[in-house]
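Peer 1: For reference, the file entry26.tsv (TSV, N, CA and C atoms) is included below:
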chain	number	residue	atom	x	y	z
D	1	MET	N	0.84	-1.16	0.00
D	1	MET	CA	0.00	0.00	0.00
D	1	MET	C	0.90	1.24	0.00
D	2	LYS	N	0.59	2.19	-0.86
D	2	LYS	CA	1.38	3.41	-0.95
D	2	LYS	C	0.92	4.40	0.10
D	3	THR	N	1.90	4.96	0.72
D	3	THR	CA	1.58	5.99	1.70
D	3	THR	C	1.60	7.35	1.01
D	4	LYS	N	1.14	8.34	1.73
D	4	LYS	CA	1.11	9.69	1.19
D	4	LYS	C	2.52	10.19	0.90
D	5	GLU	N	3.49	9.84	1.75
D	5	GLU	CA	4.87	10.26	1.56
D	5	GLU	C	5.47	9.65	0.30
D	6	ASN	N	5.18	8.37	0.05
D	6	ASN	CA	5.68	7.72	-1.16
D	6	ASN	C	5.09	8.35	-2.41
D	7	THR	N	3.82	8.69	-2.36
D	7	THR	CA	3.17	9.31	-3.51
D	7	THR	C	3.78	10.68	-3.79
D	8	GLU	N	4.04	11.46	-2.74
D	8	GLU	CA	4.66	12.77	-2.91
D	8	GLU	C	6.09	12.63	-3.43
D	9	PHE	N	6.82	11.64	-2.94
D	9	PHE	CA	8.19	11.40	-3.39
D	9	PHE	C	8.20	11.03	-4.87
D	10	ASP	N	7.27	10.16	-5.29
D	10	ASP	CA	7.16	9.79	-6.70
D	10	ASP	C	6.82	10.99	-7.55
D	11	SER	N	5.92	11.83	-7.06
D	11	SER	CA	5.52	13.04	-7.78
D	11	SER	C	6.69	14.01	-7.94
D	12	VAL	N	7.47	14.18	-6.89
D	12	VAL	CA	8.63	15.08	-6.94
D	12	VAL	C	9.65	14.55	-7.95
D	13	ASN	N	9.94	13.26	-7.91
D	13	ASN	CA	10.89	12.67	-8.85
D	13	ASN	C	10.40	12.76	-10.28
D	14	SER	N	9.11	12.57	-10.47
D	14	SER	CA	8.53	12.68	-11.81
D	14	SER	C	8.66	14.11	-12.34
D	15	ASN	N	8.36	15.09	-11.49
D	15	ASN	CA	8.49	16.49	-11.90
D	15	ASN	C	9.94	16.86	-12.18
D	16	LYS	N	10.85	16.34	-11.37
D	16	LYS	CA	12.26	16.62	-11.56
D	16	LYS	C	12.74	16.08	-12.91
D	17	ALA	N	12.31	14.88	-13.26
D	17	ALA	CA	12.68	14.29	-14.54
D	17	ALA	C	12.09	15.08	-15.70
D	18	LYS	N	10.84	15.53	-15.55
D	18	LYS	CA	10.21	16.33	-16.60
D	18	LYS	C	10.92	17.67	-16.76
D	19	ASN	N	11.30	18.29	-15.64
D	19	ASN	CA	12.01	19.57	-15.70
D	19	ASN	C	13.37	19.41	-16.37
D	20	GLU	N	14.04	18.32	-16.07
D	20	GLU	CA	15.34	18.07	-16.69
D	20	GLU	C	15.21	17.89	-18.19
D	21	THR	N	14.21	17.15	-18.61
D	21	THR	CA	13.97	16.94	-20.04
D	21	THR	C	13.62	18.26	-20.72
D	22	LEU	N	12.75	19.03	-20.11
D	22	LEU	CA	12.35	20.31	-20.68
D	22	LEU	C	13.53	21.27	-20.76
D	23	THR	N	14.33	21.33	-19.72
D	23	THR	CA	15.50	22.21	-19.71
D	23	THR	C	16.48	21.83	-20.80
D	24	THR	N	16.70	20.55	-20.98
D	24	THR	CA	17.60	20.07	-22.03
D	24	THR	C	17.07	20.45	-23.40
D	25	GLU	N	15.79	20.23	-23.63
D	25	GLU	CA	15.18	20.57	-24.92
D	25	GLU	C	15.25	22.07	-25.18
D	26	LEU	N	15.01	22.88	-24.15
D	26	LEU	CA	15.06	24.33	-24.32
D	26	LEU	C	16.48	24.81	-24.64
D	27	HIS	N	17.48	24.25	-23.98
D	27	HIS	CA	18.87	24.62	-24.30
D	27	HIS	C	19.19	24.28	-25.75
D	28	PHE	N	18.82	23.08	-26.16
D	28	PHE	CA	19.11	22.64	-27.53
D	28	PHE	C	18.40	23.55	-28.53
D	29	GLU	N	17.14	23.86	-28.27
D	29	GLU	CA	16.35	24.70	-29.17
D	29	GLU	C	16.91	26.13	-29.21
D	30	LEU	N	17.33	26.65	-28.08
D	30	LEU	CA	17.90	28.00	-28.04
D	30	LEU	C	19.17	28.07	-28.88
D	31	LEU	N	20.03	27.08	-28.75
D	31	LEU	CA	21.24	27.06	-29.56
D	31	LEU	C	20.92	26.92	-31.04
D	32	LYS	N	19.88	26.17	-31.35
D	32	LYS	CA	19.46	26.03	-32.74
D	32	LYS	C	18.97	27.37	-33.28
D	33	GLN	N	18.24	28.13	-32.47
D	33	GLN	CA	17.77	29.44	-32.90
D	33	GLN	C	18.92	30.42	-33.07
D	34	TYR	N	19.92	30.36	-32.20
D	34	TYR	CA	21.10	31.20	-32.35
D	34	TYR	C	21.80	30.92	-33.68
D	35	ALA	N	21.97	29.65	-34.00
D	35	ALA	CA	22.62	29.28	-35.26
D	35	ALA	C	21.79	29.76	-36.45
D	36	TRP	N	20.48	29.61	-36.37
D	36	TRP	CA	19.60	30.03	-37.46
D	36	TRP	C	19.68	31.55	-37.65
D	37	PHE	N	19.62	32.29	-36.55
D	37	PHE	CA	19.65	33.75	-36.63
D	37	PHE	C	20.99	34.24	-37.17
D	38	SER	N	22.07	33.65	-36.71
D	38	SER	CA	23.39	34.02	-37.23
D	38	SER	C	23.49	33.74	-38.72
D	39	SER	N	22.93	32.61	-39.14
D	39	SER	CA	22.94	32.27	-40.57
D	39	SER	C	22.14	33.28	-41.39
D	40	ALA	N	21.02	33.72	-40.86
D	40	ALA	CA	20.20	34.71	-41.56
D	40	ALA	C	20.95	36.04	-41.68
D	41	LEU	N	21.61	36.46	-40.61
D	41	LEU	CA	22.38	37.70	-40.66
D	41	LEU	C	23.58	37.56	-41.60
D	42	PHE	N	24.22	36.42	-41.58
D	42	PHE	CA	25.32	36.13	-42.49
D	42	PHE	C	24.84	36.27	-43.94
D	43	GLY	N	23.69	35.67	-44.23
D	43	GLY	CA	23.11	35.75	-45.57
D	43	GLY	C	22.75	37.16	-45.97
D	44	ALA	N	22.26	37.96	-45.02
D	44	ALA	CA	21.90	39.34	-45.32
D	44	ALA	C	23.13	40.15	-45.72
D	45	ILE	N	24.24	39.93	-45.04
D	45	ILE	CA	25.47	40.63	-45.40
D	45	ILE	C	25.96	40.20	-46.77
D	46	ILE	N	25.87	38.91	-47.06
D	46	ILE	CA	26.27	38.40	-48.38
D	46	ILE	C	25.40	39.01	-49.48
D	47	ILE	N	24.11	39.11	-49.24
D	47	ILE	CA	23.22	39.72	-50.23
D	47	ILE	C	23.58	41.18	-50.46
D	48	MET	N	23.89	41.91	-49.39
D	48	MET	CA	24.31	43.30	-49.55
D	48	MET	C	25.59	43.41	-50.36
D	49	LEU	N	26.49	42.45	-50.19
D	49	LEU	CA	27.71	42.43	-50.99
D	49	LEU	C	27.40	42.17	-52.46
D	50	GLN	N	26.50	41.23	-52.71
D	50	GLN	CA	26.15	40.90	-54.08
D	50	GLN	C	25.43	42.04	-54.79
D	51	LEU	N	24.64	42.79	-54.04
D	51	LEU	CA	23.92	43.93	-54.62
D	51	LEU	C	24.80	45.18	-54.66
D	52	LYS	N	26.03	45.05	-54.22
D	52	LYS	CA	27.00	46.14	-54.19
D	52	LYS	C	26.53	47.32	-53.34
D	53	VAL	N	25.78	47.01	-52.30
D	53	VAL	CA	25.38	48.02	-51.32
D	53	VAL	C	26.59	48.39	-50.47
D	54	VAL	N	27.42	47.40	-50.20
D	54	VAL	CA	28.66	47.61	-49.45
D	54	VAL	C	29.80	46.99	-50.23
D	55	GLU	N	30.97	47.50	-49.98
D	55	GLU	CA	32.17	46.93	-50.60
D	55	GLU	C	32.83	45.99	-49.61
D	56	ILE	N	33.45	44.97	-50.17
D	56	ILE	CA	34.12	44.00	-49.31
D	56	ILE	C	35.37	44.64	-48.71
D	57	GLY	N	35.56	44.40	-47.44
D	57	GLY	CA	36.69	44.96	-46.73
D	57	GLY	C	36.85	44.29	-45.38
D	58	ASN	N	37.72	44.81	-44.56
D	58	ASN	CA	37.98	44.21	-43.25
D	58	ASN	C	36.73	44.18	-42.38
D	59	ASP	N	35.90	45.22	-42.45
D	59	ASP	CA	34.69	45.25	-41.63
D	59	ASP	C	33.75	44.11	-41.97
D	60	VAL	N	33.68	43.77	-43.25
D	60	VAL	CA	32.82	42.66	-43.67
D	60	VAL	C	33.41	41.34	-43.18
D	61	TYR	N	34.72	41.19	-43.28
D	61	TYR	CA	35.36	39.95	-42.83
D	61	TYR	C	35.18	39.75	-41.32
D	62	VAL	N	35.34	40.84	-40.57
D	62	VAL	CA	35.19	40.74	-39.12
D	62	VAL	C	33.75	40.35	-38.77
D	63	SER	N	32.79	40.99	-39.43
D	63	SER	CA	31.38	40.71	-39.16
D	63	SER	C	31.02	39.27	-39.52
D	64	LEU	N	31.45	38.84	-40.70
D	64	LEU	CA	31.16	37.46	-41.11
D	64	LEU	C	31.88	36.45	-40.22
D	65	GLY	N	33.08	36.81	-39.77
D	65	GLY	CA	33.81	35.94	-38.85
D	65	GLY	C	33.09	35.77	-37.53
D	66	CYS	N	32.58	36.88	-36.99
D	66	CYS	CA	31.82	36.80	-35.72
D	66	CYS	C	30.57	35.94	-35.89
D	67	LEU	N	29.86	36.15	-36.98
D	67	LEU	CA	28.64	35.37	-37.20
D	67	LEU	C	28.97	33.89	-37.44
D	68	GLY	N	30.05	33.63	-38.17
D	68	GLY	CA	30.47	32.25	-38.39
D	68	GLY	C	30.87	31.57	-37.08
D	69	LEU	N	31.57	32.30	-36.22
D	69	LEU	CA	31.93	31.74	-34.91
D	69	LEU	C	30.70	31.50	-34.04
D	70	SER	N	29.72	32.38	-34.15
D	70	SER	CA	28.48	32.18	-33.41
D	70	SER	C	27.79	30.88	-33.83
D	71	ILE	N	27.75	30.66	-35.13
D	71	ILE	CA	27.16	29.42	-35.64
D	71	ILE	C	27.97	28.23	-35.13
D	72	PHE	N	29.28	28.35	-35.19
D	72	PHE	CA	30.15	27.27	-34.73
D	72	PHE	C	29.91	26.94	-33.25
D	73	PHE	N	29.88	27.98	-32.39
D	73	PHE	CA	29.67	27.74	-30.97
D	73	PHE	C	28.28	27.15	-30.71
D	74	SER	N	27.28	27.57	-31.46
D	74	SER	CA	25.94	27.00	-31.29
D	74	SER	C	25.93	25.51	-31.62
D	75	LEU	N	26.58	25.16	-32.71
D	75	LEU	CA	26.63	23.75	-33.10
D	75	LEU	C	27.46	22.93	-32.13
D	76	VAL	N	28.55	23.51	-31.63
D	76	VAL	CA	29.37	22.82	-30.63
D	76	VAL	C	28.54	22.59	-29.37
D	77	GLY	N	27.75	23.58	-28.98
D	77	GLY	CA	26.89	23.44	-27.80
D	77	GLY	C	25.86	22.34	-27.97
D	78	GLN	N	25.26	22.28	-29.15
D	78	GLN	CA	24.29	21.22	-29.41
D	78	GLN	C	24.96	19.85	-29.34
D	79	ASP	N	26.14	19.76	-29.93
D	79	ASP	CA	26.89	18.50	-29.90
D	79	ASP	C	27.28	18.13	-28.47
D	80	TYR	N	27.64	19.13	-27.68
D	80	TYR	CA	28.02	18.90	-26.29
D	80	TYR	C	26.83	18.36	-25.48
D	81	ILE	N	25.65	18.91	-25.73
D	81	ILE	CA	24.45	18.41	-25.05
D	81	ILE	C	24.23	16.94	-25.39
D	82	VAL	N	24.30	16.62	-26.67
D	82	VAL	CA	24.06	15.24	-27.10
D	82	VAL	C	25.11	14.30	-26.51
D	83	ASP	N	26.38	14.70	-26.58
D	83	ASP	CA	27.45	13.85	-26.02
D	83	ASP	C	27.27	13.65	-24.52
D	84	SER	N	26.91	14.71	-23.82
D	84	SER	CA	26.72	14.61	-22.37
D	84	SER	C	25.57	13.67	-22.03
D	85	LEU	N	24.50	13.76	-22.78
D	85	LEU	CA	23.36	12.86	-22.54
D	85	LEU	C	23.74	11.41	-22.83
D	86	LEU	N	24.54	11.20	-23.88
D	86	LEU	CA	24.97	9.84	-24.19
D	86	LEU	C	25.90	9.27	-23.11
D	87	GLU	N	26.62	10.15	-22.43
D	87	GLU	CA	27.50	9.72	-21.34
D	87	GLU	C	26.74	9.54	-20.03
D	88	GLY	N	25.46	9.88	-20.02
D	88	GLY	CA	24.66	9.70	-18.82
D	88	GLY	C	24.61	10.91	-17.91
D	89	LYS	N	25.16	12.03	-18.35
D	89	LYS	CA	25.12	13.25	-17.54
D	89	LYS	C	23.76	13.93	-17.75
D	90	ASP	N	23.32	14.63	-16.73
D	90	ASP	CA	22.11	15.42	-16.92
D	90	ASP	C	22.50	16.87	-17.20
D	91	ILE	N	21.54	17.66	-17.60
D	91	ILE	CA	21.80	19.04	-18.01
D	91	ILE	C	22.32	19.88	-16.86
D	92	TYR	N	21.96	19.51	-15.65
D	92	TYR	CA	22.39	20.30	-14.50
D	92	TYR	C	23.88	20.16	-14.21
D	93	LYS	N	24.48	19.07	-14.67
D	93	LYS	CA	25.92	18.86	-14.45
D	93	LYS	C	26.76	19.63	-15.44
D	94	ILE	N	26.17	20.08	-16.53
D	94	ILE	CA	26.93	20.79	-17.56
D	94	ILE	C	26.48	22.24	-17.70
D	95	THR	N	25.84	22.78	-16.67
D	95	THR	CA	25.27	24.13	-16.79
D	95	THR	C	26.33	25.20	-17.00
D	96	LYS	N	27.47	25.10	-16.35
D	96	LYS	CA	28.49	26.14	-16.51
D	96	LYS	C	29.01	26.18	-17.94
D	97	ALA	N	29.29	25.01	-18.49
D	97	ALA	CA	29.77	24.96	-19.88
D	97	ALA	C	28.69	25.45	-20.84
D	98	MET	N	27.45	25.07	-20.59
D	98	MET	CA	26.36	25.50	-21.48
D	98	MET	C	26.15	27.01	-21.40
D	99	LYS	N	26.25	27.56	-20.22
D	99	LYS	CA	26.08	29.01	-20.08
D	99	LYS	C	27.19	29.74	-20.83
D	100	LEU	N	28.42	29.26	-20.71
D	100	LEU	CA	29.54	29.87	-21.42
D	100	LEU	C	29.32	29.80	-22.93
D	101	ILE	N	28.89	28.67	-23.42
D	101	ILE	CA	28.65	28.50	-24.86
D	101	ILE	C	27.52	29.42	-25.32
D	102	ARG	N	26.43	29.46	-24.56
D	102	ARG	CA	25.30	30.31	-24.94
D	102	ARG	C	25.67	31.79	-24.96
D	103	VAL	N	26.35	32.24	-23.90
D	103	VAL	CA	26.72	33.65	-23.80
D	103	VAL	C	27.71	34.01	-24.90
D	104	THR	N	28.67	33.16	-25.17
D	104	THR	CA	29.64	33.42	-26.24
D	104	THR	C	28.95	33.54	-27.58
D	105	SER	N	28.05	32.63	-27.86
D	105	SER	CA	27.33	32.67	-29.13
D	105	SER	C	26.49	33.94	-29.25
D	106	LEU	N	25.82	34.31	-28.18
D	106	LEU	CA	24.97	35.50	-28.20
D	106	LEU	C	25.80	36.78	-28.34
D	107	ILE	N	26.93	36.85	-27.67
D	107	ILE	CA	27.80	38.02	-27.81
D	107	ILE	C	28.30	38.15	-29.25
D	108	LEU	N	28.67	37.03	-29.85
D	108	LEU	CA	29.13	37.07	-31.24
D	108	LEU	C	28.01	37.47	-32.19
D	109	ILE	N	26.77	37.08	-31.88
D	109	ILE	CA	25.63	37.51	-32.70
D	109	ILE	C	25.49	39.03	-32.63
D	110	GLY	N	25.73	39.59	-31.47
D	110	GLY	CA	25.65	41.05	-31.34
D	110	GLY	C	26.82	41.77	-31.96
D	111	LEU	N	28.03	41.21	-31.81
D	111	LEU	CA	29.22	41.87	-32.34
D	111	LEU	C	29.25	41.90	-33.87
D	112	GLY	N	28.85	40.81	-34.51
D	112	GLY	CA	28.92	40.73	-35.97
D	112	GLY	C	28.15	41.85	-36.66
D	113	PRO	N	26.84	41.90	-36.51
D	113	PRO	CA	26.08	42.96	-37.17
D	113	PRO	C	26.37	44.34	-36.58
D	114	GLY	N	26.67	44.39	-35.28
D	114	GLY	CA	26.98	45.68	-34.66
D	114	GLY	C	28.21	46.31	-35.26
D	115	TYR	N	29.25	45.53	-35.45
D	115	TYR	CA	30.47	46.03	-36.07
D	115	TYR	C	30.22	46.43	-37.52
D	116	PHE	N	29.45	45.61	-38.22
D	116	PHE	CA	29.13	45.87	-39.62
D	116	PHE	C	28.37	47.20	-39.76
D	117	VAL	N	27.36	47.41	-38.97
D	117	VAL	CA	26.57	48.63	-39.04
D	117	VAL	C	27.40	49.85	-38.62
D	118	ALA	N	28.23	49.67	-37.60
D	118	ALA	CA	29.08	50.78	-37.14
D	118	ALA	C	30.05	51.21	-38.24
D	119	CYS	N	30.52	50.27	-39.03
D	119	CYS	CA	31.45	50.60	-40.11
D	119	CYS	C	30.72	51.22	-41.30
D	120	LEU	N	29.45	51.01	-41.42
D	120	LEU	CA	28.68	51.63	-42.51
D	120	LEU	C	28.42	53.11	-42.24
D	121	LEU	N	28.34	53.46	-40.99
D	121	LEU	CA	28.01	54.85	-40.63
D	121	LEU	C	29.19	55.77	-40.73
Mind converting the file's structure to structure tokens?

Peer 2:
Amino acid sequence: MKTKENTEFDSVNSNKAKNETLTTELHFELLKQYAWFSSALFGAIIIMLQLKVVEIGNDVYVSLGCLGLSIFFSLVGQDYIVDSLLEGKDIYKITKAMKLIRVTSLILIGLGPGYFVACLL
């Protein structure tokens, strides 16, 4: 016969497992969105080059480099999540590394177009 304490314990463990799964999925999806957004910005700069709105120069290379690195870090983060799960780690054990990867990718997303626009003005 299940007691009230056992039922609450099962409920807590069930919620903890659901939260872990949701957190992992959200991290993976966020990194996927970062990579997608960086790719879109990368493409926008390439289109401006093709339309001769801007001339190719160091500012374009720096901007494309930042966006390319953002894509790279996002993909590395996704791969890191998958590898960690395959090794049996949960998302809470890799939070510091994931935060570093996310913040680095996001900073590069801001630096790429920011530098590009600053050089246009």

Peer 1: For segment 75-87 of chain D, find every residue with an atom within 6.5 Å (counting all atoms listed in the file), except residues of its own chain fewer than 5 positions away, and show them as JSON, numbers by chain.

Peer 2: {"D": [28, 31, 35, 70, 101]}

Peer 1: Go through D:Leu120, D:Ala97, D:Leu26, D:Ile47 and flag the residue nearest Asp59 of chain D, using all atoms listed in the file for the distances.

Peer 2: D:Leu120

Peer 1: Under the rule that all atoms listed in the file are counted, which of D:Leu41, D:Leu106, D:Ile46, D:Cys119 is the nearest residue to Phe73 of chain D?

Peer 2: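 When distances to Phe73 of chain D are compared using all atoms listed in the file, the smallest one comes from D:Leu106.
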
Peer 1: Assign secondary structure with DSSP using the backbone only, and return the residues of chain D in alpha helix (DSSP H) as a count of residues only.

Peer 2: 102

Peer 1: If I take atom CA of Gly68 of chain D and atom CA of Val53 of chain D, how far is one from the other in Å, to one decimal?

Peer 2: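 Computing it gives 21.0 Å between the two atoms.
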
Peer 1: Report, in Å with one decimal, the straight-line distance from atom CA of Phe37 of chain D to atom CA of Thr104 of chain D.

Peer 2: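 According to the coordinates, atom CA of Phe37 of chain D and atom CA of Thr104 of chain D are separated by 14.4 Å.
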
Peer 1: Which residue out of D:Ile94, D:Ala40, D:Leu108, D:Val103 has the minimum interatomic distance to Leu69 of chain D when all atoms listed in the file are used?

Peer 2: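 So, comparing all the options, the nearest one is D:Leu108.
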
Peer 1: In Å to one decimal, how far is atom C of Thr24 of chain D from atom CA of Phe72 of chain D?

Peer 2: 18.6 Å
